[in-house]
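What follows is a single structure, written as structure tokens, with notes after it.
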Number of protein chains: 2
Amino acid sequence: MTVTLADVAARARVSPATVSRVLNGNYPVAAATRERVLRAVDELDYVLNGPASALAAATSDLVGILVHDIADPFFGIIAGAAQHAMVEGAPGRAGGEKLAVVCNTGGSPERELTYLTLLQRQRAAAVVLTGGAVDDPEHTAATAAKLARLTNGGTRVVLCGRPPVPGAAVTATLTFDNRGGARRLTEHLLSLGHERIGYVAGPAERTTTRHRLEGHLSAMRDAGLAAGLDRLTAHGSYDRRSGYDATLELLRREPGLTAIAAANDTVALGVCAALRDQGRRVPDDVSVAGFDDLPFSVDAAPALTTVRLPLHEAGARAGRLATGTEAPPPGGVATVGAELVVRSSTARP
Amino acid sequence: MTVTLADVAARARVSPATVSRVLNGNYPVAAATRERVLRAVDELDYVLNGPASALAAATSDLVGILVHDIADPFFGIIAGAAQHAMVEGAPGRAGGEKLAVVCNTGGSPERELTYLTLLQRQRAAAVVLTGGAVDDPEHTAATAAKLARLTNGGTRVVLCGRPPVPGAAVTATLTFDNRGGARRLTEHLLSLGHERIGYVAGPAERTTTRHRLEGHLSAMRDAGLAAGLDRLTAHGSYDRRSGYDATLELLRREPGLTAIAAANDTVALGVCAALRDQGRRVPDDVSVAGFDDLPFSVDAAPALTTVRLPLHEAGARAGRLATGTEAPPPGGVATVGAELVVRSSTARP
DNA sequence: TTGAAAGCGATACCAG
DNA sequence: CTGGTATCGCTTTCAA
């Protein structure tokens with residue numbers, strides 16, 4: 001039925017072992033023999049049996065990239081960069097070809113664990129976890145345990161855009177400066193003279209959410225604006241609708257708002273829409289700030305001030321770390337910057 | 001070292017065969033025995049060896065989803081819906097768990113073939129190809145051949161958002177009405193009284209590009225506006241920059257344009273940006289039309305008229321077809337609609 | 001430089 | 001309902 005390595009061997013008049021060696025290219029083989037084998041492969045249109053190979057070699061060429069939401073360009077950009085970095089550094093011939101596969105957890109911690117198990121089952125060569133973690137000790141522990149088992153089994157584990165897990169068995173961690181970025185963003189608004197600044201946070205149980213909120217709050221407190229911060233903060237999820245609804249709520253609580261900072265750009269889009277519908281002009285009446293600086297942000301809200309995360313760079317590094325092309329940073333953890341992007345149209349109060 | 005099925009069998013004092021049966025749940029096993037086995041699995045923290053299983057069973061639980069650009073929400077939405085539909089219809093227990101993996105081809109036909117080979121190598125259960133195909137007979141043939149080999153090997157093949165390949169070995173094809181949608185879009189602009197309508201097309205070698213362009217041109221011709229259509233058409237890629245550059249070019253050629261239709265929403269964003277920079281207001285001076293109706297479109301360009309493609313629905317169906325949860329449409333091909341969306345210039349979420 | 005043969009870990013057929 | 005066991009296709013010592 002399907003053509004096997006033995007068939008190729010027969011056709012090339014060599015042993016299966018030799019064919020294997022030619023295909024993997026990790027062993028000396030006479031040029032003439034190799035030539036003969038490759039021809040046979042071509043003629044028979046042979047395709048290696050991955051499972052069999054993985055079983056015998058006890059590793060596969062699969063690399064899993066876990067994302068919260070595949071429809072969100074934030075993750076798309078990271079995943080794309082990671083995948084690209086993997087094929088880049090790979091040996092040309094059939095050898096080191098990594099199959100980068102992105103897995104959509106939908107933000108569900110259970111699904112995340114499920115995927116990790118599935119990848120463990122496949123004996124994945126590496127796993128990249130992107131995006132903030134769930135802020136729950138129990139789940140952190142469960143994840144840490146699973147990751148430990150993965151690394152024990154020889155799978156490389158890379159965290160990208162997720163805080164380091166203290167004593168966890170992880171190859172490398174790339175973390176965004178969410179706290180610092182959020183802090184600088186709010187400081188910028190403060191420097192323009194804003195004082196009544198609303199904040200639309202993400203889902204409460206995410207580290208990203210917490211860190212960004214902490215950055216914002218610390219800036220407010222340091223500016224002597226500690227009073228009533230709760231009233232000026234609304235929680236939601238990381239989507240547009242959430243920004244819309246939260247804005248209406250904030251305006252109800254505090255009609256005198258002159259600026260709103262959002263957990264990310266997508267949320268900021270919803271903020272802008274709500275303000276528009278309420279008859280407030282952005283940025284003339286209310287300044288809006290976002291986070292992530294996704295490509296469409298500039299069109300969607302030219303008035304947006306944002307913090308730019310180096311998504312592409314982080315993804316690429318994660319990819320290289322996963323394939324072992326790049327050495328882990330000292331201590332295993334590296335923080336990639338968060339850069340303030342001030343667009344010309346940000347208004348003063 | 002790692003715990004195997006035999007270890008579990010020993011601990012549960014049963015044969016490996018029984019353990020396998022319990023795990024796969026596709027064979028009668030006494031409740032007491034099953035109980036004992038499951039406990040052993042738990043206690044030993046056993047994880048099935050995927051490759052070994054795939055080798056023995058001659059199939060894996062991998063499903064590949066090929067996308068042109070993972071950072072483009074167009075594909076993210078389709079892929080997300082497909083993946084979701086797969087886990088939905090799966091048996092709860094360790095059984096039918098499909099590992100949906102999305103593969104980023106970056107729009108390169110070679111990479112597409114590479115991924116297909118890789119998936120064939122993994123003995124994937126199914127493959128979903130999303131997005132337009134490359135409009136080149138040679139590549140069409142190469143792809144068709146590869147797909148034939150996949151289906152021969154028992155892999156289900158689903159095309160989503162890609163035209164049917166005439167005599168190809170494909171399980172099912174879901175195609176968008178790109179031609180009809182584009183035609184209606186332009187007809188709408190015409191009905192508003194526009195006559196000098198520019199068109200920003202996608203990359204020349206894509207079927208999506210060609211079909212949308214054909215729809216536009218046929219509408220123009222039928223309106224008696226056949227003259228100088230070449231001058232009013234600019235080609236580019238499917239990104240924002242491309243829309244920006246093409247718009248400048250079109251305005252240079254024909255400063256009197258009153259409307260511009262773009263190959264997709266992302267391109268339309270670039271069109272709007274260029275118009276803004278040229279001091280033309282949208283939609284007062286120039287009407288802009290897009291395609292796909294991505295979620296951020298409404299914010300990015302509230303004045304945009306678009307054609308909405310049922311991305312979510314198409315993706316979900318593709319997922320079900322890939323897992324066999326849904327029966328293929330009669331003839332193997334189904335066209336999912338394209339709906340005209342006319343916005344007023346203030347948008348709600 | 002090449003070949004022979006022993007696994008890798010699960011599945012499924014054939015008995016019982 | 002349960003147990004033995006022959007594969008599945010490849011990798012990898014060990015010899016030659």
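All residue names refer to the structure tokens as shown: chains lettered A, B, ... in order, residues numbered from 1 in each chain, ligands numbered from 1 in order.
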
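Between chain B and chain A, which have the same sequence, the C-alpha root-mean-square deviation after superposition works out to 2.1 Å.
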
Using only C-alpha atoms (C1' of nucleotides) and a cut-off of 12 Å, which residues of chain D sit close to chain B? Please list them as a short mmCIF file (atom, residue, chain, number, x, y, z; two decimals) with all heavy atoms, in the first residue's frame.
data_model
loop_
_atom_site.label_atom_id
_atom_site.label_comp_id
_atom_site.auth_asym_id
_atom_site.auth_seq_id
_atom_site.Cartn_x
_atom_site.Cartn_y
_atom_site.Cartn_z
P DC D 1 -19.21 -7.19 28.90
OP1 DC D 1 -19.26 -6.14 29.93
OP2 DC D 1 -19.25 -6.76 27.49
"O5'" DC D 1 -17.88 -8.02 29.11
"C5'" DC D 1 -17.38 -8.14 30.41
"C4'" DC D 1 -16.15 -9.01 30.40
"O4'" DC D 1 -16.18 -9.92 29.28
"C3'" DC D 1 -14.83 -8.21 30.26
"O3'" DC D 1 -14.01 -8.54 31.39
"C2'" DC D 1 -14.20 -8.72 28.96
"C1'" DC D 1 -14.84 -10.10 28.82
N1 DC D 1 -14.92 -10.58 27.41
C2 DC D 1 -14.12 -11.65 27.00
O2 DC D 1 -13.36 -12.18 27.85
N3 DC D 1 -14.17 -12.10 25.72
C4 DC D 1 -15.00 -11.51 24.87
N4 DC D 1 -15.04 -11.98 23.61
C5 DC D 1 -15.85 -10.43 25.25
C6 DC D 1 -15.77 -10.00 26.51
P DT D 2 -12.79 -7.69 31.81
OP1 DT D 2 -12.68 -7.66 33.28
OP2 DT D 2 -12.86 -6.44 31.04
"O5'" DT D 2 -11.59 -8.56 31.27
"C5'" DT D 2 -11.34 -9.82 31.87
"C4'" DT D 2 -10.28 -10.56 31.10
"O4'" DT D 2 -10.74 -10.87 29.77
"C3'" DT D 2 -8.96 -9.81 30.92
"O3'" DT D 2 -7.95 -10.54 31.61
"C2'" DT D 2 -8.72 -9.78 29.42
"C1'" DT D 2 -9.63 -10.89 28.92
N1 DT D 2 -10.15 -10.72 27.54
C2 DT D 2 -9.78 -11.64 26.58
O2 DT D 2 -9.03 -12.58 26.80
N3 DT D 2 -10.33 -11.40 25.33
C4 DT D 2 -11.18 -10.38 24.97
O4 DT D 2 -11.61 -10.29 23.83
C5 DT D 2 -11.51 -9.46 26.03
C7 DT D 2 -12.42 -8.31 25.74
C6 DT D 2 -10.98 -9.66 27.25
P DG D 3 -6.46 -9.91 31.73
OP1 DG D 3 -5.95 -10.19 33.09
OP2 DG D 3 -6.46 -8.54 31.19
"O5'" DG D 3 -5.71 -10.87 30.71
"C5'" DG D 3 -5.91 -12.27 30.82
"C4'" DG D 3 -5.13 -13.00 29.75
"O4'" DG D 3 -5.83 -12.88 28.48
"C3'" DG D 3 -3.72 -12.45 29.51
"O3'" DG D 3 -2.83 -13.56 29.42
"C2'" DG D 3 -3.82 -11.71 28.18
"C1'" DG D 3 -4.92 -12.49 27.46
N9 DG D 3 -5.69 -11.70 26.51
C8 DG D 3 -6.37 -10.54 26.77
N7 DG D 3 -7.00 -10.06 25.74
C5 DG D 3 -6.72 -10.98 24.72
C6 DG D 3 -7.15 -10.99 23.37
O6 DG D 3 -7.87 -10.18 22.79
N1 DG D 3 -6.64 -12.10 22.68
C2 DG D 3 -5.84 -13.05 23.25
N2 DG D 3 -5.45 -14.03 22.44
N3 DG D 3 -5.44 -13.06 24.51
C4 DG D 3 -5.92 -11.99 25.19
P DG D 4 -1.30 -13.31 29.37
OP1 DG D 4 -0.63 -14.34 30.20
OP2 DG D 4 -1.03 -11.88 29.60
"O5'" DG D 4 -1.04 -13.62 27.83
"C5'" DG D 4 -0.59 -14.93 27.47
"C4'" DG D 4 -0.62 -15.09 25.97
"O4'" DG D 4 -1.65 -14.26 25.37
"C3'" DG D 4 0.70 -14.69 25.30
"O3'" DG D 4 1.09 -15.76 24.45
"C2'" DG D 4 0.38 -13.42 24.54
"C1'" DG D 4 -1.10 -13.58 24.25
N9 DG D 4 -1.83 -12.31 24.14
C8 DG D 4 -1.99 -11.37 25.13
N7 DG D 4 -2.71 -10.35 24.77
C5 DG D 4 -3.05 -10.63 23.45
C6 DG D 4 -3.83 -9.87 22.53
O6 DG D 4 -4.39 -8.78 22.72
N1 DG D 4 -3.92 -10.51 21.30
C2 DG D 4 -3.35 -11.71 20.99
N2 DG D 4 -3.55 -12.16 19.76
N3 DG D 4 -2.62 -12.43 21.85
C4 DG D 4 -2.51 -11.82 23.05
P DT D 5 2.46 -15.69 23.77
OP1 DT D 5 2.71 -17.04 23.23
OP2 DT D 5 3.43 -15.06 24.70
"O5'" DT D 5 2.20 -14.70 22.54
"C5'" DT D 5 1.26 -15.06 21.54
"C4'" DT D 5 1.39 -14.09 20.37
"O4'" DT D 5 0.57 -12.92 20.60
"C3'" DT D 5 2.80 -13.57 20.12
"O3'" DT D 5 2.98 -13.43 18.74
"C2'" DT D 5 2.79 -12.21 20.78
"C1'" DT D 5 1.38 -11.77 20.40
N1 DT D 5 0.78 -10.67 21.18
C2 DT D 5 -0.18 -9.90 20.56
O2 DT D 5 -0.55 -10.08 19.43
N3 DT D 5 -0.69 -8.90 21.35
C4 DT D 5 -0.33 -8.60 22.65
O4 DT D 5 -0.87 -7.68 23.24
C5 DT D 5 0.68 -9.45 23.22
C7 DT D 5 1.12 -9.21 24.63
C6 DT D 5 1.18 -10.43 22.46
P DA D 6 4.24 -14.01 18.07
OP1 DA D 6 4.24 -15.48 18.15
OP2 DA D 6 5.40 -13.22 18.56
"O5'" DA D 6 3.95 -13.59 16.54
"C5'" DA D 6 2.67 -13.90 15.98
"C4'" DA D 6 2.16 -12.71 15.18
"O4'" DA D 6 1.74 -11.66 16.05
"C3'" DA D 6 3.21 -12.09 14.25
"O3'" DA D 6 2.57 -11.71 13.03
"C2'" DA D 6 3.71 -10.89 15.02
"C1'" DA D 6 2.44 -10.46 15.74
N9 DA D 6 2.65 -9.73 16.99
C8 DA D 6 3.59 -9.99 17.95
N7 DA D 6 3.53 -9.18 18.98
C5 DA D 6 2.47 -8.33 18.67
C6 DA D 6 1.87 -7.26 19.36
N6 DA D 6 2.28 -6.84 20.56
N1 DA D 6 0.84 -6.64 18.77
C2 DA D 6 0.43 -7.07 17.57
N3 DA D 6 0.89 -8.07 16.83
C4 DA D 6 1.92 -8.67 17.46
P DT D 7 3.45 -11.16 11.85
OP1 DT D 7 2.53 -10.57 10.86
OP2 DT D 7 4.36 -12.26 11.48
"O5'" DT D 7 4.34 -10.05 12.52
"C5'" DT D 7 4.62 -8.83 11.85
"C4'" DT D 7 3.42 -7.90 11.88
"O4'" DT D 7 2.94 -7.77 13.24
"C3'" DT D 7 3.79 -6.51 11.39
"O3'" DT D 7 2.91 -6.09 10.37
"C2'" DT D 7 3.68 -5.62 12.61
"C1'" DT D 7 2.86 -6.41 13.60
N1 DT D 7 3.40 -6.22 14.98
C2 DT D 7 2.89 -5.23 15.76
O2 DT D 7 2.00 -4.49 15.39
N3 DT D 7 3.47 -5.11 16.99
C4 DT D 7 4.49 -5.89 17.52
O4 DT D 7 4.92 -5.69 18.64
C5 DT D 7 4.98 -6.92 16.64
C7 DT D 7 6.09 -7.80 17.10
C6 DT D 7 4.43 -7.04 15.42
P DC D 8 3.45 -5.22 9.19
OP1 DC D 8 2.94 -5.86 7.98
OP2 DC D 8 4.91 -5.09 9.38
"O5'" DC D 8 2.84 -3.77 9.29
"C5'" DC D 8 1.91 -3.33 10.28
"C4'" DC D 8 2.24 -1.92 10.73
"O4'" DC D 8 2.51 -1.94 12.15
"C3'" DC D 8 3.49 -1.34 10.07
"O3'" DC D 8 3.13 -0.33 9.16
"C2'" DC D 8 4.33 -0.79 11.21
"C1'" DC D 8 3.54 -1.06 12.47
N1 DC D 8 4.35 -1.73 13.54
C2 DC D 8 4.15 -1.38 14.90
O2 DC D 8 3.32 -0.52 15.17
N3 DC D 8 4.91 -2.01 15.84
C4 DC D 8 5.80 -2.93 15.48
N4 DC D 8 6.50 -3.52 16.46
C5 DC D 8 6.01 -3.30 14.12
C6 DC D 8 5.27 -2.67 13.19
P DG D 9 3.93 -0.23 7.77
OP1 DG D 9 3.08 0.50 6.83
OP2 DG D 9 4.44 -1.58 7.43
"O5'" DG D 9 5.20 0.68 8.11
"C5'" DG D 9 4.97 2.01 8.55
"C4'" DG D 9 6.28 2.60 9.04
"O4'" DG D 9 6.68 1.90 10.23
"C3'" DG D 9 7.45 2.47 8.07
"O3'" DG D 9 8.04 3.75 7.96
"C2'" DG D 9 8.37 1.46 8.71
"C1'" DG D 9 8.07 1.63 10.18
N9 DG D 9 8.30 0.46 11.01
C8 DG D 9 8.14 -0.86 10.65
N7 DG D 9 8.40 -1.70 11.62
C5 DG D 9 8.74 -0.87 12.69
C6 DG D 9 9.12 -1.21 14.02
O6 DG D 9 9.22 -2.34 14.52
N1 DG D 9 9.37 -0.07 14.79
C2 DG D 9 9.28 1.22 14.33
N2 DG D 9 9.55 2.18 15.20
N3 DG D 9 8.93 1.54 13.09
C4 DG D 9 8.67 0.46 12.34
P DC D 10 9.38 3.96 7.17
OP1 DC D 10 9.25 5.21 6.40
OP2 DC D 10 9.78 2.71 6.48
"O5'" DC D 10 10.38 4.25 8.36
"C5'" DC D 10 10.12 5.37 9.21
"C4'" DC D 10 10.92 5.25 10.48
"O4'" DC D 10 10.74 3.93 11.01
"C3'" DC D 10 12.42 5.45 10.31
"O3'" DC D 10 12.79 6.62 11.05
"C2'" DC D 10 13.05 4.20 10.87
"C1'" DC D 10 11.93 3.55 11.67
N1 DC D 10 12.00 2.07 11.67
C2 DC D 10 12.29 1.41 12.86
O2 DC D 10 12.51 2.08 13.88
N3 DC D 10 12.35 0.05 12.87
C4 DC D 10 12.10 -0.64 11.75
N4 DC D 10 12.16 -1.97 11.81
C5 DC D 10 11.80 0.02 10.52
C6 DC D 10 11.76 1.36 10.53
#

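For segment 34-185 of chain A, the set of residues given strand (DSSP E) by DSSP on the backbone reads A:Leu62, A:Val63, A:Gly64, A:Ile65, A:Leu66, A:Val67, A:Leu99, A:Ala100, A:Val101, A:Val102, A:Cys103, A:Asn104, A:Ala126, A:Val127, A:Val128, A:Leu129, A:Thr130, A:Arg156, A:Val157, A:Val158, A:Leu159, A:Cys160, A:Ala172, A:Thr173, A:Leu174, A:Thr175, A:Phe176.
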
- Counting only C-alpha atoms (C1' of nucleotides), which residues from chain C have an atom at most 12 Å from any atom of chain B, and could you show them as an MDAnalysis selection string? chainID C and resid 8:13

Write out as a PDB file with C-alpha atoms, in the first residue's frame each polymer residue whose atoms come within 6 Å of segment 200-202 of chain A, counting only C-alpha atoms (C1' of nucleotides); drop sequence neighbours fewer than 4 positions from it.
ATOM      1  CA  THR A 209      -4.400  42.471  33.674  1.00  0.00           C
ATOM      2  CA  THR A 233     -11.554  51.466  37.442  1.00  0.00           C
ATOM      3  CA  ALA A 234     -13.768  49.030  35.559  1.00  0.00           C
ATOM      4  CA  HIS A 235     -13.055  45.414  34.746  1.00  0.00           C
ATOM      5  CA  GLY A 236     -13.959  43.510  31.618  1.00  0.00           C
ATOM      6  CA  SER A 237     -12.457  41.128  29.126  1.00  0.00           C
ATOM      7  CA  TYR A 238      -9.930  41.848  26.407  1.00  0.00           C
ATOM      8  CA  ALA A 262      -7.469  50.811  28.451  1.00  0.00           C
ATOM      9  CA  ALA A 263      -6.010  47.381  29.079  1.00  0.00           C
TER      10      ALA A 263
END

- Query: For chain A against chain B, which residues fall within 8 Å using only C-alpha atoms, given as a VMD selection string?
  - Reply: chain A and resid 2 47 to 52 54 to 55 69 to 77 79 to 80 83 99 to 104 115 117 to 118 120 to 123 153 240 to 241 244 269 to 270 273 to 274 277 296 to 297 299 to 301

- Message: I want to know what sits within 12 Å of Leu217 of chain B, based on only C-alpha atoms (C1' of nucleotides), with residues of the same chain fewer than 3 positions away left out; could you give that as a ChimeraX atom specification?
- Response: /B:179-180,182-187,197-201,210-214,220-230,232-233,261

For those residues, write N, CA and C atoms to a file as an mmCIF file, in the first residue's frame.
data_model
loop_
_atom_site.group_PDB
_atom_site.id
_atom_site.type_symbol
_atom_site.label_atom_id
_atom_site.label_comp_id
_atom_site.auth_asym_id
_atom_site.auth_seq_id
_atom_site.Cartn_x
_atom_site.Cartn_y
_atom_site.Cartn_z
ATOM 1 N N ARG B 179 -16.865 36.634 -6.247
ATOM 2 C CA ARG B 179 -17.271 37.340 -7.453
ATOM 3 C C ARG B 179 -18.577 38.078 -7.220
ATOM 4 N N GLY B 180 -19.563 37.346 -6.736
ATOM 5 C CA GLY B 180 -20.881 37.955 -6.520
ATOM 6 C C GLY B 180 -20.821 39.083 -5.503
ATOM 7 N N ALA B 182 -18.256 41.009 -4.667
ATOM 8 C CA ALA B 182 -17.569 42.177 -5.224
ATOM 9 C C ALA B 182 -18.482 42.902 -6.200
ATOM 10 N N ARG B 183 -19.210 42.134 -6.937
ATOM 11 C CA ARG B 183 -20.130 42.720 -7.912
ATOM 12 C C ARG B 183 -21.194 43.562 -7.211
ATOM 13 N N ARG B 184 -21.763 43.005 -6.182
ATOM 14 C CA ARG B 184 -22.808 43.737 -5.465
ATOM 15 C C ARG B 184 -22.262 44.991 -4.790
ATOM 16 N N LEU B 185 -21.022 44.886 -4.330
ATOM 17 C CA LEU B 185 -20.393 46.031 -3.674
ATOM 18 C C LEU B 185 -20.281 47.194 -4.653
ATOM 19 N N THR B 186 -19.775 46.893 -5.810
ATOM 20 C CA THR B 186 -19.612 47.930 -6.816
ATOM 21 C C THR B 186 -20.967 48.436 -7.311
ATOM 22 N N GLU B 187 -21.894 47.517 -7.446
ATOM 23 C CA GLU B 187 -23.241 47.921 -7.846
ATOM 24 C C GLU B 187 -23.829 48.916 -6.841
ATOM 25 N N ILE B 197 -14.897 55.129 -10.223
ATOM 26 C CA ILE B 197 -14.604 54.264 -9.083
ATOM 27 C C ILE B 197 -13.266 53.558 -9.260
ATOM 28 N N GLY B 198 -12.367 53.795 -8.344
ATOM 29 C CA GLY B 198 -11.068 53.124 -8.416
ATOM 30 C C GLY B 198 -11.150 51.752 -7.759
ATOM 31 N N TYR B 199 -10.212 50.870 -8.126
ATOM 32 C CA TYR B 199 -10.196 49.543 -7.494
ATOM 33 C C TYR B 199 -8.778 49.165 -7.094
ATOM 34 N N VAL B 200 -8.620 48.803 -5.823
ATOM 35 C CA VAL B 200 -7.320 48.357 -5.356
ATOM 36 C C VAL B 200 -7.373 46.845 -5.191
ATOM 37 N N ALA B 201 -6.709 46.147 -6.092
ATOM 38 C CA ALA B 201 -6.759 44.687 -6.090
ATOM 39 C C ALA B 201 -5.673 44.085 -5.226
ATOM 40 N N ARG B 210 -8.462 37.566 -8.227
ATOM 41 C CA ARG B 210 -9.040 37.540 -9.561
ATOM 42 C C ARG B 210 -10.563 37.578 -9.503
ATOM 43 N N HIS B 211 -11.138 36.754 -8.655
ATOM 44 C CA HIS B 211 -12.596 36.694 -8.590
ATOM 45 C C HIS B 211 -13.216 38.007 -8.139
ATOM 46 N N ARG B 212 -12.614 38.618 -7.133
ATOM 47 C CA ARG B 212 -13.176 39.890 -6.667
ATOM 48 C C ARG B 212 -13.051 40.957 -7.740
ATOM 49 N N LEU B 213 -11.922 40.944 -8.395
ATOM 50 C CA LEU B 213 -11.717 41.925 -9.460
ATOM 51 C C LEU B 213 -12.725 41.693 -10.587
ATOM 52 N N GLU B 214 -12.920 40.454 -10.950
ATOM 53 C CA GLU B 214 -13.872 40.142 -12.007
ATOM 54 C C GLU B 214 -15.274 40.634 -11.655
ATOM 55 N N MET B 220 -18.994 47.190 -13.469
ATOM 56 C CA MET B 220 -18.663 48.430 -14.164
ATOM 57 C C MET B 220 -19.092 48.357 -15.629
ATOM 58 N N ARG B 221 -18.757 47.253 -16.255
ATOM 59 C CA ARG B 221 -19.088 47.090 -17.673
ATOM 60 C C ARG B 221 -20.591 47.117 -17.883
ATOM 61 N N ASP B 222 -21.289 46.399 -17.027
ATOM 62 C CA ASP B 222 -22.742 46.351 -17.171
ATOM 63 C C ASP B 222 -23.370 47.726 -16.974
ATOM 64 N N ALA B 223 -22.630 48.600 -16.301
ATOM 65 C CA ALA B 223 -23.157 49.950 -16.088
ATOM 66 C C ALA B 223 -22.731 50.874 -17.219
ATOM 67 N N GLY B 224 -22.088 50.269 -18.208
ATOM 68 C CA GLY B 224 -21.663 51.075 -19.347
ATOM 69 C C GLY B 224 -20.414 51.893 -19.074
ATOM 70 N N LEU B 225 -19.644 51.441 -18.066
ATOM 71 C CA LEU B 225 -18.436 52.176 -17.735
ATOM 72 C C LEU B 225 -17.186 51.376 -18.071
ATOM 73 N N ALA B 226 -17.153 50.831 -19.259
ATOM 74 C CA ALA B 226 -16.062 49.943 -19.646
ATOM 75 C C ALA B 226 -14.769 50.672 -19.948
ATOM 76 N N ALA B 227 -14.890 51.951 -20.227
ATOM 77 C CA ALA B 227 -13.701 52.686 -20.681
ATOM 78 C C ALA B 227 -12.705 52.977 -19.558
ATOM 79 N N GLY B 228 -11.437 52.738 -19.857
ATOM 80 C CA GLY B 228 -10.361 53.118 -18.938
ATOM 81 C C GLY B 228 -10.333 52.392 -17.622
ATOM 82 N N LEU B 229 -10.878 51.185 -17.611
ATOM 83 C CA LEU B 229 -10.904 50.444 -16.342
ATOM 84 C C LEU B 229 -9.502 50.085 -15.868
ATOM 85 N N ASP B 230 -8.601 49.849 -16.809
ATOM 86 C CA ASP B 230 -7.236 49.523 -16.415
ATOM 87 C C ASP B 230 -6.617 50.651 -15.602
ATOM 88 N N LEU B 232 -8.028 52.630 -13.781
ATOM 89 C CA LEU B 232 -8.668 52.783 -12.474
ATOM 90 C C LEU B 232 -8.412 51.595 -11.545
ATOM 91 N N THR B 233 -7.557 50.684 -12.010
ATOM 92 C CA THR B 233 -7.264 49.500 -11.197
ATOM 93 C C THR B 233 -5.785 49.449 -10.828
ATOM 94 N N ALA B 261 -12.934 51.047 -4.231
ATOM 95 C CA ALA B 261 -13.237 49.742 -3.657
ATOM 96 C C ALA B 261 -11.914 49.015 -3.449
#

- Task: Kindly give the distance, in Å, that separates atom CA of Ala314 of chain A and atom CA of Ala126 of chain A, rounded to a single decimal.
- Result: 16.4 Å

- Item | Residues flagged helix (DSSP H, G or I) by DSSP in segment 54-192 of chain B, as an MDAnalysis selection string | chainID B and resid 54:57 73:88 109:121 137:152 178:191

Same residues, C-alpha atoms, output as a short mmCIF file (atom, residue, chain, number, x, y, z; two decimals), in the first residue's frame:
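Here's the written file again_6.cif:
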data_model
loop_
_atom_site.label_atom_id
_atom_site.label_comp_id
_atom_site.auth_asym_id
_atom_site.auth_seq_id
_atom_site.Cartn_x
_atom_site.Cartn_y
_atom_site.Cartn_z
CA ALA B 54 -0.27 6.41 15.63
CA LEU B 55 2.15 3.87 14.27
CA ALA B 56 0.14 0.93 15.45
CA ALA B 57 -3.21 2.37 14.51
CA PRO B 73 -7.78 38.05 11.72
CA PHE B 74 -9.46 36.84 8.54
CA PHE B 75 -7.62 33.57 8.98
CA GLY B 76 -7.62 33.72 12.74
CA ILE B 77 -11.38 33.75 12.83
CA ILE B 78 -11.71 30.87 10.41
CA ALA B 79 -9.05 28.82 12.16
CA GLY B 80 -10.49 29.54 15.58
CA ALA B 81 -13.95 28.51 14.52
CA ALA B 82 -12.67 25.35 12.87
CA GLN B 83 -10.67 24.35 15.90
CA HIS B 84 -13.58 25.04 18.18
CA ALA B 85 -15.93 22.97 16.08
CA MET B 86 -13.51 20.05 16.36
CA VAL B 87 -13.30 19.92 20.12
CA GLU B 88 -17.06 20.41 20.28
CA PRO B 109 2.96 27.99 -2.23
CA GLU B 110 6.17 26.11 -1.49
CA ARG B 111 5.58 26.31 2.22
CA GLU B 112 2.07 25.14 1.65
CA LEU B 113 3.37 22.03 -0.06
CA THR B 114 5.98 21.58 2.62
CA TYR B 115 3.35 21.67 5.31
CA LEU B 116 1.20 19.22 3.42
CA THR B 117 4.14 16.85 3.27
CA LEU B 118 4.83 17.34 6.94
CA LEU B 119 1.20 16.59 7.73
CA GLN B 120 1.24 13.59 5.47
CA ARG B 121 4.31 12.46 7.33
CA PRO B 137 -1.66 25.79 -13.36
CA GLU B 138 1.64 24.25 -12.34
CA HIS B 139 1.10 24.80 -8.68
CA THR B 140 -2.51 23.81 -8.88
CA ALA B 141 -1.38 20.51 -10.34
CA ALA B 142 1.31 20.01 -7.71
CA THR B 143 -1.16 20.74 -4.94
CA ALA B 144 -3.80 18.51 -6.47
CA ALA B 145 -1.30 15.65 -6.67
CA LYS B 146 -0.30 16.10 -3.07
CA LEU B 147 -3.91 16.23 -1.94
CA ALA B 148 -4.65 13.07 -3.87
CA ARG B 149 -1.88 11.31 -2.01
CA LEU B 150 -3.22 12.58 1.28
CA THR B 151 -6.74 11.36 0.66
CA ASN B 152 -5.30 8.07 -0.54
CA ASN B 178 -16.13 36.48 -3.97
CA ARG B 179 -17.27 37.34 -7.45
CA GLY B 180 -20.88 37.96 -6.52
CA GLY B 181 -19.95 39.89 -3.40
CA ALA B 182 -17.57 42.18 -5.22
CA ARG B 183 -20.13 42.72 -7.91
CA ARG B 184 -22.81 43.74 -5.47
CA LEU B 185 -20.39 46.03 -3.67
CA THR B 186 -19.61 47.93 -6.82
CA GLU B 187 -23.24 47.92 -7.85
CA HIS B 188 -24.00 49.60 -4.57
CA LEU B 189 -21.48 52.35 -5.24
CA LEU B 190 -22.92 52.76 -8.71
CA SER B 191 -26.42 53.02 -7.32
#

- In Å, with one decimal, what is the gap from atom CA of Glu43 of chain A to atom C1' of DT12 of chain D? 26.5 Å

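Atom CA of Gly161 of chain B sits 11.6 Å away from atom CA of Leu66 of chain B.
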